[in-house]
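**Q** I'm passing along work03.cif; it holds mmCIF, C-alpha atoms.
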data_work
loop_
_atom_site.label_atom_id
_atom_site.label_comp_id
_atom_site.auth_asym_id
_atom_site.auth_seq_id
_atom_site.Cartn_x
_atom_site.Cartn_y
_atom_site.Cartn_z
CA MET V 17 108.02 14.26 -53.80
CA THR V 18 108.99 17.36 -51.85
CA ALA V 19 109.01 17.99 -48.10
CA GLU V 20 107.01 21.03 -47.07
CA GLY V 21 108.16 21.68 -43.53
CA HIS V 22 106.38 21.58 -40.19
CA ALA V 23 103.21 23.04 -38.67
CA ASP V 24 101.58 22.70 -35.28
CA VAL V 25 98.47 21.08 -36.81
CA ILE V 26 97.53 19.61 -40.18
CA VAL V 27 93.83 19.65 -41.08
CA VAL V 28 92.77 17.13 -43.73
CA GLY V 29 89.57 18.20 -45.52
CA LEU V 30 88.54 21.82 -46.06
CA GLY V 31 84.78 21.63 -46.28
CA ALA V 32 82.76 23.50 -43.69
CA MET V 33 84.18 21.71 -40.64
CA GLY V 34 87.82 21.64 -41.75
CA SER V 35 87.71 25.29 -42.80
CA ALA V 36 86.20 26.27 -39.44
CA THR V 37 88.88 24.23 -37.65
CA ALA V 38 91.71 25.84 -39.57
CA ASP V 39 90.19 29.25 -38.85
CA ALA V 40 89.76 28.54 -35.13
CA LEU V 41 93.31 27.23 -34.75
CA ALA V 42 94.87 30.10 -36.69
CA GLY V 43 92.86 32.50 -34.54
CA ARG V 44 94.66 31.07 -31.51
CA GLY V 45 98.08 31.64 -33.05
CA VAL V 46 98.53 27.97 -33.96
CA SER V 47 100.36 27.26 -37.24
CA VAL V 48 98.07 25.30 -39.56
CA ILE V 49 98.37 23.52 -42.88
CA GLY V 50 95.01 22.64 -44.44
CA LEU V 51 94.83 20.02 -47.20
CA GLU V 52 91.84 19.59 -49.52
CA ALA V 53 91.53 16.94 -52.22
CA PHE V 54 89.50 19.13 -54.58
CA GLY V 55 89.46 22.76 -55.62
CA PRO V 56 87.99 25.70 -53.70
CA GLY V 57 84.19 25.72 -53.67
CA HIS V 58 83.93 22.26 -55.23
CA ALA V 59 80.59 20.42 -55.45
CA ASN V 60 81.80 16.90 -54.64
CA GLY V 61 81.08 16.79 -50.91
CA SER V 62 78.70 18.16 -48.30
CA SER V 63 79.38 21.90 -48.05
CA HIS V 64 78.41 23.35 -51.43
CA GLY V 65 75.11 24.91 -52.46
CA THR V 66 73.38 28.14 -51.64
CA HIS V 67 72.04 27.64 -48.14
CA ARG V 68 71.26 25.38 -45.18
CA ILE V 69 68.60 25.55 -42.47
CA VAL V 70 69.85 26.72 -39.07
CA ARG V 71 67.83 26.10 -35.94
CA GLN V 72 68.23 26.17 -32.17
CA VAL V 73 65.53 23.62 -31.39
CA ILE V 74 67.15 20.33 -32.39
CA GLU V 75 64.92 17.31 -33.01
CA GLU V 76 67.95 15.03 -33.20
CA GLY V 77 68.38 15.40 -29.42
CA PRO V 78 68.30 18.11 -26.76
CA PHE V 79 72.01 17.59 -26.09
CA TYR V 80 72.73 19.37 -29.41
CA VAL V 81 71.10 22.61 -28.26
CA PRO V 82 74.13 24.12 -26.44
CA LEU V 83 76.21 23.44 -29.54
CA ALA V 84 73.60 25.15 -31.72
CA LEU V 85 73.40 28.21 -29.45
CA ASP V 86 77.19 28.50 -29.44
CA ALA V 87 77.22 28.28 -33.24
CA PHE V 88 74.69 31.10 -33.60
CA GLU V 89 76.95 33.38 -31.57
CA ARG V 90 79.97 32.41 -33.66
CA TRP V 91 78.12 32.90 -36.95
CA ALA V 92 77.23 36.41 -35.77
CA GLN V 93 80.86 37.10 -34.80
CA LEU V 94 82.07 35.85 -38.19
CA GLU V 95 79.60 38.19 -39.89
CA GLU V 96 80.83 41.12 -37.81
CA ASP V 97 84.52 40.33 -38.34
CA THR V 98 84.17 39.99 -42.10
CA ALA V 99 81.29 42.39 -42.88
CA THR V 100 79.59 39.50 -44.69
CA GLU V 101 75.93 38.52 -44.38
CA LEU V 102 75.76 34.81 -43.57
CA LEU V 103 72.66 34.27 -41.40
CA VAL V 104 69.08 35.11 -42.31
CA ARG V 105 66.96 34.92 -39.14
CA CYS V 106 63.49 34.51 -40.62
CA GLY V 107 62.33 31.67 -38.36
CA ALA V 108 61.58 28.08 -39.33
CA ILE V 109 58.52 25.88 -39.08
CA ARG V 110 57.88 22.17 -38.50
CA LEU V 111 54.61 20.75 -39.78
CA GLY V 112 52.91 17.40 -39.40
CA PRO V 113 49.86 15.51 -38.21
CA PRO V 114 49.23 15.66 -34.45
CA GLY V 115 51.29 13.13 -32.56
CA CYS V 116 53.89 12.61 -35.30
CA GLU V 117 57.48 11.98 -34.25
CA LEU V 118 58.78 15.20 -35.79
CA LEU V 119 56.58 17.42 -33.64
CA ALA V 120 57.09 15.32 -30.51
CA ALA V 121 60.87 15.56 -30.91
CA PHE V 122 60.62 19.31 -31.50
CA ARG V 123 58.60 19.81 -28.31
CA ALA V 124 60.97 17.70 -26.24
CA SER V 125 63.99 19.72 -27.36
CA ALA V 126 62.34 23.14 -27.07
CA ASP V 127 60.86 22.43 -23.65
CA ALA V 128 64.11 20.95 -22.29
CA TRP V 129 65.87 24.28 -22.93
CA SER V 130 62.89 26.66 -22.60
CA LEU V 131 63.31 27.82 -26.19
CA PRO V 132 60.45 29.92 -27.57
CA TYR V 133 58.08 28.64 -30.24
CA GLU V 134 54.51 29.19 -31.41
CA SER V 135 51.90 26.47 -31.86
CA LEU V 136 49.80 26.87 -35.01
CA SER V 137 46.84 24.95 -36.40
CA GLY V 138 46.76 23.97 -40.06
CA PRO V 139 44.46 26.90 -40.95
CA ASP V 140 46.68 29.23 -38.89
CA VAL V 141 49.72 28.17 -40.92
CA SER V 142 47.98 28.73 -44.26
CA ALA V 143 46.72 32.13 -43.15
CA ARG V 144 50.05 33.32 -41.83
CA PHE V 145 52.18 31.80 -44.62
CA PRO V 146 49.89 31.67 -47.65
CA GLY V 147 52.42 29.77 -49.74
CA PHE V 148 51.50 26.70 -47.69
CA ALA V 149 48.46 24.55 -48.36
CA VAL V 150 48.40 22.65 -45.08
CA PRO V 151 45.71 20.05 -44.30
CA ASP V 152 43.31 21.28 -41.64
CA ASP V 153 44.22 18.38 -39.37
CA TYR V 154 47.92 19.31 -39.42
CA CYS V 155 49.60 21.52 -36.86
CA GLY V 156 52.86 23.39 -36.78
CA TYR V 157 55.55 24.77 -34.49
CA PHE V 158 57.16 28.04 -35.57
CA GLU V 159 60.64 28.71 -34.16
CA PRO V 160 61.31 32.47 -34.39
CA GLY V 161 65.06 32.25 -33.75
CA ALA V 162 65.82 29.92 -36.66
CA GLY V 163 66.48 30.67 -40.33
CA PHE V 164 69.13 29.75 -42.86
CA VAL V 165 72.84 30.29 -43.50
CA HIS V 166 74.44 31.04 -46.86
CA ALA V 167 76.45 27.82 -47.11
CA ALA V 168 79.05 28.22 -49.85
CA ARG V 169 79.57 31.85 -48.85
CA ALA V 170 80.14 30.77 -45.24
CA VAL V 171 82.82 28.23 -46.19
CA ALA V 172 84.62 30.76 -48.37
CA THR V 173 84.43 33.36 -45.59
CA LEU V 174 85.93 30.94 -43.06
CA GLN V 175 88.74 30.11 -45.46
CA ASP V 176 89.45 33.76 -46.16
CA ARG V 177 89.62 34.60 -42.45
CA ALA V 178 91.78 31.55 -41.76
CA ARG V 179 94.28 32.72 -44.39
CA ARG V 180 94.31 36.23 -42.95
CA ARG V 181 95.07 34.67 -39.58
CA GLY V 182 98.03 32.82 -41.09
CA ALA V 183 96.66 29.40 -42.11
CA ASP V 184 98.28 27.74 -45.15
CA LEU V 185 95.38 26.22 -47.13
CA ARG V 186 96.24 23.97 -50.07
CA PHE V 187 93.76 22.62 -52.59
CA GLY V 188 94.05 19.79 -55.09
CA GLN V 189 96.00 17.77 -52.51
CA PRO V 190 94.29 14.41 -51.88
CA VAL V 191 95.96 12.60 -48.99
CA SER V 192 97.49 9.25 -49.90
CA THR V 193 98.74 8.21 -46.47
CA TRP V 194 99.48 9.46 -42.97
CA THR V 195 101.45 8.26 -39.98
CA ALA V 196 101.36 9.16 -36.31
CA GLY V 197 103.69 8.51 -33.41
CA PRO V 198 105.05 10.06 -30.22
CA ASP V 199 107.13 12.54 -32.20
CA GLY V 200 104.28 13.84 -34.34
CA VAL V 201 102.41 13.10 -37.52
CA GLY V 202 103.29 12.92 -41.20
CA VAL V 203 100.91 13.36 -44.12
CA SER V 204 101.68 12.58 -47.74
CA THR V 205 99.92 13.55 -50.95
CA ALA V 206 100.94 12.49 -54.46
CA THR V 207 103.48 15.29 -54.70
CA GLU V 208 104.32 16.54 -51.20
CA THR V 209 104.86 15.50 -47.61
CA PHE V 210 103.93 17.47 -44.52
CA ALA V 211 104.75 17.13 -40.84
CA ALA V 212 103.06 18.44 -37.71
CA ASP V 213 102.62 17.80 -34.02
CA ARG V 214 98.94 16.90 -34.45
CA LEU V 215 96.45 15.94 -37.15
CA VAL V 216 92.72 16.70 -37.54
CA ILE V 217 90.75 14.62 -40.07
CA THR V 218 87.55 16.26 -41.31
CA ALA V 219 87.27 14.65 -44.70
CA GLY V 220 83.47 14.46 -44.98
CA ALA V 221 82.29 11.44 -46.94
CA TRP V 222 85.90 10.22 -47.13
CA THR V 223 86.51 10.40 -43.35
CA GLY V 224 86.13 6.67 -42.75
CA ARG V 225 88.54 5.88 -45.53
CA VAL V 226 91.14 8.48 -44.55
CA SER V 227 90.94 7.90 -40.79
CA ARG V 228 91.10 4.09 -41.05
CA LEU V 229 88.51 3.81 -38.28
CA ASP V 230 86.60 0.59 -37.75
CA VAL V 231 83.27 2.46 -37.73
CA PRO V 232 80.84 2.36 -40.68
CA LEU V 233 80.57 5.94 -41.90
CA VAL V 234 78.17 5.71 -44.81
CA ALA V 235 77.90 8.40 -47.48
CA ASN V 236 74.34 9.05 -48.68
CA ARG V 237 73.44 10.71 -51.96
CA VAL V 238 71.08 13.63 -51.30
CA VAL V 239 68.79 15.09 -53.94
CA ASN V 240 67.51 18.67 -54.05
CA ALA V 241 65.45 20.54 -56.62
CA TYR V 242 64.90 24.28 -56.96
CA PHE V 243 61.38 25.07 -58.14
CA GLU V 244 60.64 28.42 -59.76
CA PRO V 245 57.38 29.60 -58.09
CA HIS V 246 54.62 31.25 -60.04
CA ASP V 247 54.87 34.13 -57.53
CA ARG V 248 58.37 34.51 -56.05
CA GLU V 249 57.23 37.08 -53.49
CA LEU V 250 54.96 34.49 -51.90
CA PHE V 251 57.99 32.31 -51.19
CA SER V 252 60.52 34.93 -50.12
CA PRO V 253 62.06 34.63 -46.62
CA ASP V 254 59.73 37.26 -45.17
CA ARG V 255 56.66 35.37 -46.43
CA LEU V 256 57.71 31.72 -46.06
CA PRO V 257 60.19 30.37 -43.49
CA PRO V 258 62.43 27.33 -43.95
CA PHE V 259 60.39 24.22 -43.20
CA ILE V 260 60.48 20.56 -42.26
CA VAL V 261 57.23 18.76 -42.99
CA ASP V 262 56.14 15.25 -42.08
CA GLY V 263 54.19 14.26 -45.15
CA GLY V 264 52.74 11.15 -43.53
CA ASP V 265 52.39 8.36 -46.07
CA LEU V 266 53.51 10.46 -49.04
CA ASP V 267 56.48 8.87 -50.82
CA GLY V 268 59.28 11.38 -50.49
CA GLY V 269 61.79 9.51 -52.61
CA GLY V 270 63.33 7.35 -49.92
CA GLY V 271 65.56 7.95 -46.93
CA THR V 272 65.09 10.03 -43.84
CA SER V 273 64.62 13.73 -43.47
CA GLY V 274 67.04 15.99 -45.30
CA GLU V 275 67.74 17.45 -41.90
CA GLY V 276 68.83 14.05 -40.70
CA THR V 277 66.28 13.19 -38.01
CA PRO V 278 66.65 9.43 -37.56
CA ALA V 279 63.08 8.69 -36.45
CA LEU V 280 61.35 10.42 -39.33
CA ARG V 281 59.60 8.62 -42.15
CA SER V 282 60.44 8.82 -45.83
CA GLY V 283 57.60 11.27 -46.38
CA THR V 284 59.44 13.95 -44.40
CA MET V 285 60.81 16.74 -46.55
CA TYR V 286 62.62 20.02 -45.99
CA GLY V 287 62.85 23.29 -47.86
CA ILE V 288 64.21 26.83 -47.89
CA PRO V 289 62.58 29.95 -49.40
CA VAL V 290 63.71 31.62 -52.59
CA VAL V 291 66.80 33.83 -52.63
CA PRO V 292 68.22 35.84 -55.55
CA GLY V 293 69.42 33.43 -58.19
CA ASP V 294 67.66 30.37 -56.76
CA GLY V 295 64.16 28.96 -56.66
CA LEU V 296 62.41 27.29 -53.75
CA LYS V 297 64.69 24.52 -52.49
CA VAL V 298 63.13 21.20 -51.49
CA GLY V 299 64.85 17.94 -50.78
CA VAL V 300 65.04 14.56 -49.14
CA SER V 301 68.04 12.44 -48.26
CA GLY V 302 68.59 9.33 -50.28
CA THR V 303 70.50 6.11 -50.48
CA PRO V 304 74.05 4.97 -49.65
CA THR V 305 76.66 5.62 -52.30
CA ASP V 306 80.37 5.47 -52.99
CA PRO V 307 81.64 9.05 -52.64
CA ASP V 308 84.03 8.52 -55.54
CA HIS V 309 81.26 7.35 -57.88
CA VAL V 310 78.21 9.49 -57.16
CA ASP V 311 75.48 9.79 -59.75
CA ARG V 312 75.19 13.56 -60.02
CA VAL V 313 72.24 13.46 -62.42
CA VAL V 314 68.88 14.02 -60.69
CA THR V 315 66.46 11.81 -62.59
CA ALA V 316 63.01 12.68 -63.88
CA ASP V 317 61.54 10.22 -61.36
CA GLU V 318 63.33 11.96 -58.50
CA VAL V 319 62.08 15.35 -59.65
CA ALA V 320 58.57 13.92 -59.95
CA ALA V 321 58.72 12.62 -56.38
CA LEU V 322 59.75 16.05 -55.13
CA ARG V 323 57.10 17.75 -57.25
CA SER V 324 54.38 15.50 -55.85
CA TRP V 325 55.29 16.78 -52.41
CA VAL V 326 55.39 20.41 -53.58
CA ASP V 327 52.01 19.98 -55.29
CA ARG V 328 50.54 18.79 -52.03
CA PHE V 329 51.95 21.37 -49.60
CA LEU V 330 53.17 24.33 -51.71
CA PRO V 331 51.14 24.20 -54.93
CA ALA V 332 51.88 27.78 -55.99
CA ALA V 333 55.59 26.90 -56.01
CA SER V 334 55.19 24.04 -58.47
CA GLY V 335 56.61 25.84 -61.48
CA PRO V 336 59.55 24.83 -63.66
CA VAL V 337 62.59 23.26 -62.02
CA ALA V 338 65.26 25.94 -62.19
CA SER V 339 68.09 23.62 -61.14
CA THR V 340 68.91 20.45 -59.25
CA LEU V 341 71.70 19.55 -56.86
CA THR V 342 73.20 16.47 -55.25
CA CYS V 343 75.42 16.38 -52.19
CA LEU V 344 76.56 13.85 -49.61
CA TYR V 345 75.51 13.22 -46.03
CA THR V 346 77.86 10.96 -44.09
CA LYS V 347 75.89 8.97 -41.54
CA THR V 348 77.06 7.09 -38.48
CA PRO V 349 75.15 3.98 -37.33
CA ASP V 350 73.13 5.99 -34.77
CA GLU V 351 73.11 9.18 -36.90
CA HIS V 352 74.90 11.17 -34.21
CA PHE V 353 78.27 12.78 -34.75
CA VAL V 354 81.80 11.48 -34.30
CA ILE V 355 84.05 14.05 -32.57
CA ASP V 356 86.89 12.32 -30.77
CA ARG V 357 90.56 11.47 -30.69
CA HIS V 358 91.64 8.50 -32.77
CA PRO V 359 91.61 5.38 -30.57
CA ASP V 360 95.14 4.43 -31.71
CA HIS V 361 96.74 7.89 -31.79
CA ASP V 362 96.19 10.53 -29.13
CA ASN V 363 97.57 13.26 -31.40
CA VAL V 364 95.01 12.56 -34.16
CA VAL V 365 91.47 13.98 -33.97
CA VAL V 366 88.65 12.62 -36.13
CA ALA V 367 85.36 14.38 -36.82
CA SER V 368 82.32 13.31 -38.82
CA PRO V 369 79.74 15.86 -37.65
CA CYS V 370 77.18 15.40 -40.38
CA SER V 371 74.45 12.72 -40.55
CA GLY V 372 72.46 15.33 -42.43
CA HIS V 373 72.23 18.05 -39.80
CA GLY V 374 75.77 19.23 -39.15
CA PHE V 375 76.26 22.43 -41.15
CA LYS V 376 74.46 24.70 -38.69
CA TYR V 377 77.05 23.92 -35.98
CA THR V 378 80.07 24.63 -38.18
CA PRO V 379 81.87 27.42 -36.26
CA ALA V 380 81.17 25.80 -32.87
CA ILE V 381 82.55 22.46 -34.06
CA GLY V 382 85.60 24.18 -35.49
CA ALA V 383 86.30 25.64 -32.04
CA LEU V 384 85.78 22.22 -30.42
CA LEU V 385 88.19 20.54 -32.80
CA GLY V 386 90.63 23.32 -32.04
CA ASP V 387 90.27 22.45 -28.35
CA LEU V 388 90.96 18.76 -28.97
CA ALA V 389 93.90 19.49 -31.25
CA THR V 390 95.61 21.77 -28.74
CA GLY V 391 94.85 19.86 -25.54
CA ALA V 392 92.41 22.46 -24.24
CA GLU V 393 89.35 21.42 -22.24
CA PRO V 394 86.46 21.14 -24.74
CA ARG V 395 83.79 23.75 -24.07
CA HIS V 396 80.96 21.24 -24.66
CA ASP V 397 80.24 17.72 -23.48
CA LEU V 398 81.58 15.43 -26.18
CA ARG V 399 80.50 12.12 -24.64
CA PRO V 400 77.52 11.72 -27.03
CA PHE V 401 80.01 11.88 -29.92
CA ALA V 402 82.68 9.52 -28.55
CA LEU V 403 83.93 6.66 -30.70
CA ASP V 404 83.73 4.11 -27.89
CA ARG V 405 79.94 4.03 -28.15
CA PHE V 406 80.41 1.83 -31.21
CA ALA V 407 82.75 -0.63 -29.44
#
Can the structure from this file be put into structure tokens for me?

**A**
Amino acid sequence: MTAEGHADVIVVGLGAMGSATADALAGRGVSVIGLEAFGPGHANGSSHGTHRIVRQVIEEGPFYVPLALDAFERWAQLEEDTATELLVRCGAIRLGPPGCELLAAFRASADAWSLPYESLSGPDVSARFPGFAVPDDYCGYFEPGAGFVHAARAVATLQDRARRRGADLRFGQPVSTWTAGPDGVGVSTATETFAADRLVITAGAWTGRVSRLDVPLVANRVVNAYFEPHDRELFSPDRLPPFIVDGGDLDGGGGTSGEGTPALRSGTMYGIPVVPGDGLKVGVSGTPTDPDHVDRVVTADEVAALRSWVDRFLPAASGPVASTLTCLYTKTPDEHFVIDRHPDHDNVVVASPCSGHGFKYTPAIGALLGDLATGAEPRHDLRPFALDRFA
């Protein structure tokens, strides 16, 4: 085992959040070592795949809205700095029967922050977005400022900028143990040891295990399918926005919404329009799993459950399945984030900002974790994400 010297901060986990943290710290002139168990762009965690919905109206709670607005500004700055398209601002729509929890939560969040949206009847939705076949008794809320982010491209772009800023990012380095004390922290992998003043743990589905926290952080296996529409133009971003639909009593394959809303029923599904190289993405979050033993095969029954939903709401998209994908959502007991210092070590920061709706906030959370790791005053209220709420 070799000793690899000293940095100001070690970041464990280089998915979306860890990469954004390393980038934010390096941008402040802080020396950073980033350690990732797998290879670059791996498909074992929560940050791979083509795209994710981004939205400013947050059904999970109005207190997320400032974080979302901050993230939109930082996504735009990352695009400008790197000359890389990451955000597609084509709007997003929520659909459901009148009075459903999805639409009520949307209204509460939008109205609390005076965010713009349009109310549409079921026939209005089908006329404006003809790829939808919405029941007449449904209604919808269209959020013009929303859209989607190119996910894998965004993570790679953050890593590239972090390196240019001086971060030392190392892959294939699963952490075996770490220590912390008044003089700093030490982190060991199978082959190397590292030392720093402070440690940030953003290990996704492995965060509970790595951080040794007494909080149940449960990894959930998420299933997505990409359907090849009969008419791709009908489901392009300028004809069909990303969507979250409350399907009522339709069996969506189990779990809550793929966007993580705790109150939603299993019939709630999400989707993103076609992009070059991919079909129409639809999905639903699934059941708890061991992150080291995930069944990566999407079964025929799971595809059939997704197709039954597509047949009902997007029948012209119900062509062949071009591909399938599984990933992991790490959920806390209340499905809100963990962003806090370790209760036993003030120089260790732990973050599990997922529960199925974290990706959109990535650059804002990276900046927040940079604040915590350097002793700066966090720019957002972190009380909703404190660990002591589980005491």

**Q** Applying 8 Å and all atoms listed in the file, which residues near Val366 in chain V remain after dropping the ones on its own chain fewer than 2 positions away? List them as a PyMOL selection string.

**A** chain V and resi 216-218+223+227+354-358+364+368

**Q** When the PyMOL selection byres ((chain V and resi 71) around 8) is applied to the structure above, which residues does it catch, written out as a PDB file with C-alpha atoms, in the coordinates of the input?

**A**
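The resulting file, expr-v2.pdb, is reproduced below:
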ATOM      1  CA  ILE V  69      68.600  25.550 -42.470  1.00  0.00           C
ATOM      2  CA  VAL V  70      69.850  26.720 -39.070  1.00  0.00           C
ATOM      3  CA  GLN V  72      68.230  26.170 -32.170  1.00  0.00           C
ATOM      4  CA  VAL V  73      65.530  23.620 -31.390  1.00  0.00           C
ATOM      5  CA  ILE V  74      67.150  20.330 -32.390  1.00  0.00           C
ATOM      6  CA  ALA V  84      73.600  25.150 -31.720  1.00  0.00           C
ATOM      7  CA  ALA V 108      61.580  28.080 -39.330  1.00  0.00           C
ATOM      8  CA  GLU V 159      60.640  28.710 -34.160  1.00  0.00           C
ATOM      9  CA  GLY V 161      65.060  32.250 -33.750  1.00  0.00           C
ATOM     10  CA  ALA V 162      65.820  29.920 -36.660  1.00  0.00           C
ATOM     11  CA  GLY V 163      66.480  30.670 -40.330  1.00  0.00           C
ATOM     12  CA  PHE V 164      69.130  29.750 -42.860  1.00  0.00           C
ATOM     13  CA  LYS V 376      74.460  24.700 -38.690  1.00  0.00           C
TER      14      LYS V 376
END

**Q** Excluding Thr205 in chain V and its own-chain neighbours fewer than 6 positions away, which residues fall within 10 Å of it when counting all atoms listed in the file? Please give them as an mmCIF file with C-alpha atoms, keeping the file's coordinate frame.

**A**
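around11.cif written:
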data_model
loop_
_atom_site.group_PDB
_atom_site.id
_atom_site.type_symbol
_atom_site.label_atom_id
_atom_site.label_comp_id
_atom_site.auth_asym_id
_atom_site.auth_seq_id
_atom_site.Cartn_x
_atom_site.Cartn_y
_atom_site.Cartn_z
ATOM 1 C CA MET V 17 108.020 14.260 -53.800
ATOM 2 C CA THR V 18 108.990 17.360 -51.850
ATOM 3 C CA LEU V 51 94.830 20.020 -47.200
ATOM 4 C CA ALA V 53 91.530 16.940 -52.220
ATOM 5 C CA GLY V 188 94.050 19.790 -55.090
ATOM 6 C CA GLN V 189 96.000 17.770 -52.510
ATOM 7 C CA PRO V 190 94.290 14.410 -51.880
ATOM 8 C CA VAL V 191 95.960 12.600 -48.990
ATOM 9 C CA SER V 192 97.490 9.250 -49.900
ATOM 10 C CA THR V 193 98.740 8.210 -46.470
ATOM 11 C CA TRP V 194 99.480 9.460 -42.970
#

**Q** Could you tell me which of V:Pro253, V:Leu136, V:Val27, V:Val141 comes closest to Leu103 in chain V if we count only C-alpha atoms?

**A**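 Closest to Leu103 in chain V of all the choices is V:Pro253.
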
**Q** Excluding same-chain residues fewer than 5 positions from range 173-177 of chain V, what lies within 8 Å of it counting all atoms listed in the file, as a PyMOL selection string?

**A** chain V and resi 35-36+38-39+94+98+100+185

**Q** Just want the 7 Å neighbourhood of Pro257 in chain V, counted on all atoms listed in the file, with same-chain residues fewer than 6 positions away dropped. Output as a list in words.

**A**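 Returned residues: Cys106, Gly107, Ala108, Ile109, Ile288 and Pro289 of chain V.
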
**Q** Record the distance separating CA of Gly65 in chain V and CA of Ala167 in chain V, expressed in Å with one decimal.

**A**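 CA of Ala167 in chain V lies 6.2 Å from CA of Gly65 in chain V.
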
**Q** Determine, counting all atoms listed in the file, which protein, DNA and RNA residues have an atom within 6 Å of an atom of Glu351 in chain V; residues of the same chain fewer than 3 positions away are not included. Present the result as a tab-separated table (two decimals) with C-alpha atoms, in the frame of the given file.

**A**
chain	number	residue	atom	x	y	z
V	347	LYS	CA	75.89	8.97	-41.54
V	348	THR	CA	77.06	7.09	-38.48
V	371	SER	CA	74.45	12.72	-40.55

**Q** Find, counting all atoms listed in the file, the residue in V:Thr346, V:Thr209, V:Arg323, V:Phe329 that gets nearest to Thr303 in chain V.

**A**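 With all atoms listed in the file as the atom set, the closest residue is V:Thr346.
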
**Q** With all atoms listed in the file as the basis for distance, which of V:Ala92, V:Met285, V:Leu388, V:Val326 is at the shortest distance from Ala367 in chain V?

**A** V:Leu388

**Q** Identify which of the residues V:Ile381, V:Asn240, V:Tyr157, V:Pro304 lies closest to Ala321 in chain V, counting all atoms listed in the file when measuring atom-to-atom distances.

**A**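 Among V:Ile381, V:Asn240, V:Tyr157, V:Pro304, it is V:Asn240 that comes nearest to Ala321 in chain V.
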
**Q** Between V:Ala149, V:Leu111, V:Leu131, V:Leu41, which residue has the minimum interatomic distance to Leu385 in chain V, considering all atoms listed in the file?

**A**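 Counting all atoms listed in the file, the residue closest to Leu385 in chain V is V:Leu41.
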
**Q** Out of V:Cys343, V:Ala221, V:Val337, V:Val46, which residue has the shortest atom-to-atom distance to Pro369 in chain V when counting only C-alpha atoms?

**A**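 Ranking V:Cys343, V:Ala221, V:Val337, V:Val46 by distance to Pro369 in chain V, first place goes to V:Ala221.
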
**Q** Rounded to one decimal place, report the CA of Val25 in chain V-CA of Thr37 in chain V distance in Å.

**A**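 Computing the Euclidean distance for CA of Val25 in chain V and CA of Thr37 in chain V yields 10.1 Å.
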
**Q** Evaluated on this file, the PyMOL selection byres ((chain V and resi 299) around 8) picks out some residues - which ones are they, written as an NGL selection string?

**A** :V and (238-241 or 274 or 285-287 or 297-298 or 300-301 or 322)

**Q** Deliver the residues from the most recent selection as a file, using C-alpha atoms, as an mmCIF file, in the frame of the given file.

**A**
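The result, written out as again19.cif:
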data_model
loop_
_atom_site.group_PDB
_atom_site.id
_atom_site.type_symbol
_atom_site.label_atom_id
_atom_site.label_comp_id
_atom_site.auth_asym_id
_atom_site.auth_seq_id
_atom_site.Cartn_x
_atom_site.Cartn_y
_atom_site.Cartn_z
ATOM 1 C CA VAL V 238 71.080 13.630 -51.300
ATOM 2 C CA VAL V 239 68.790 15.090 -53.940
ATOM 3 C CA ASN V 240 67.510 18.670 -54.050
ATOM 4 C CA ALA V 241 65.450 20.540 -56.620
ATOM 5 C CA GLY V 274 67.040 15.990 -45.300
ATOM 6 C CA MET V 285 60.810 16.740 -46.550
ATOM 7 C CA TYR V 286 62.620 20.020 -45.990
ATOM 8 C CA GLY V 287 62.850 23.290 -47.860
ATOM 9 C CA LYS V 297 64.690 24.520 -52.490
ATOM 10 C CA VAL V 298 63.130 21.200 -51.490
ATOM 11 C CA VAL V 300 65.040 14.560 -49.140
ATOM 12 C CA SER V 301 68.040 12.440 -48.260
ATOM 13 C CA LEU V 322 59.750 16.050 -55.130
#

**Q** For the provided coordinates, the residues matched by the PyMOL selection byres ((chain V and resi 247) around 10) should be stated as an NGL selection string.

**A** :V and (147 or 244-246 or 248-252 or 332-333 or 335)

**Q** For CA of His373 in chain V and CA of Arg328 in chain V, determine how far apart the two atoms are, in Å to one decimal place.

**A**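 Interatomic distance here is 24.9 Å.
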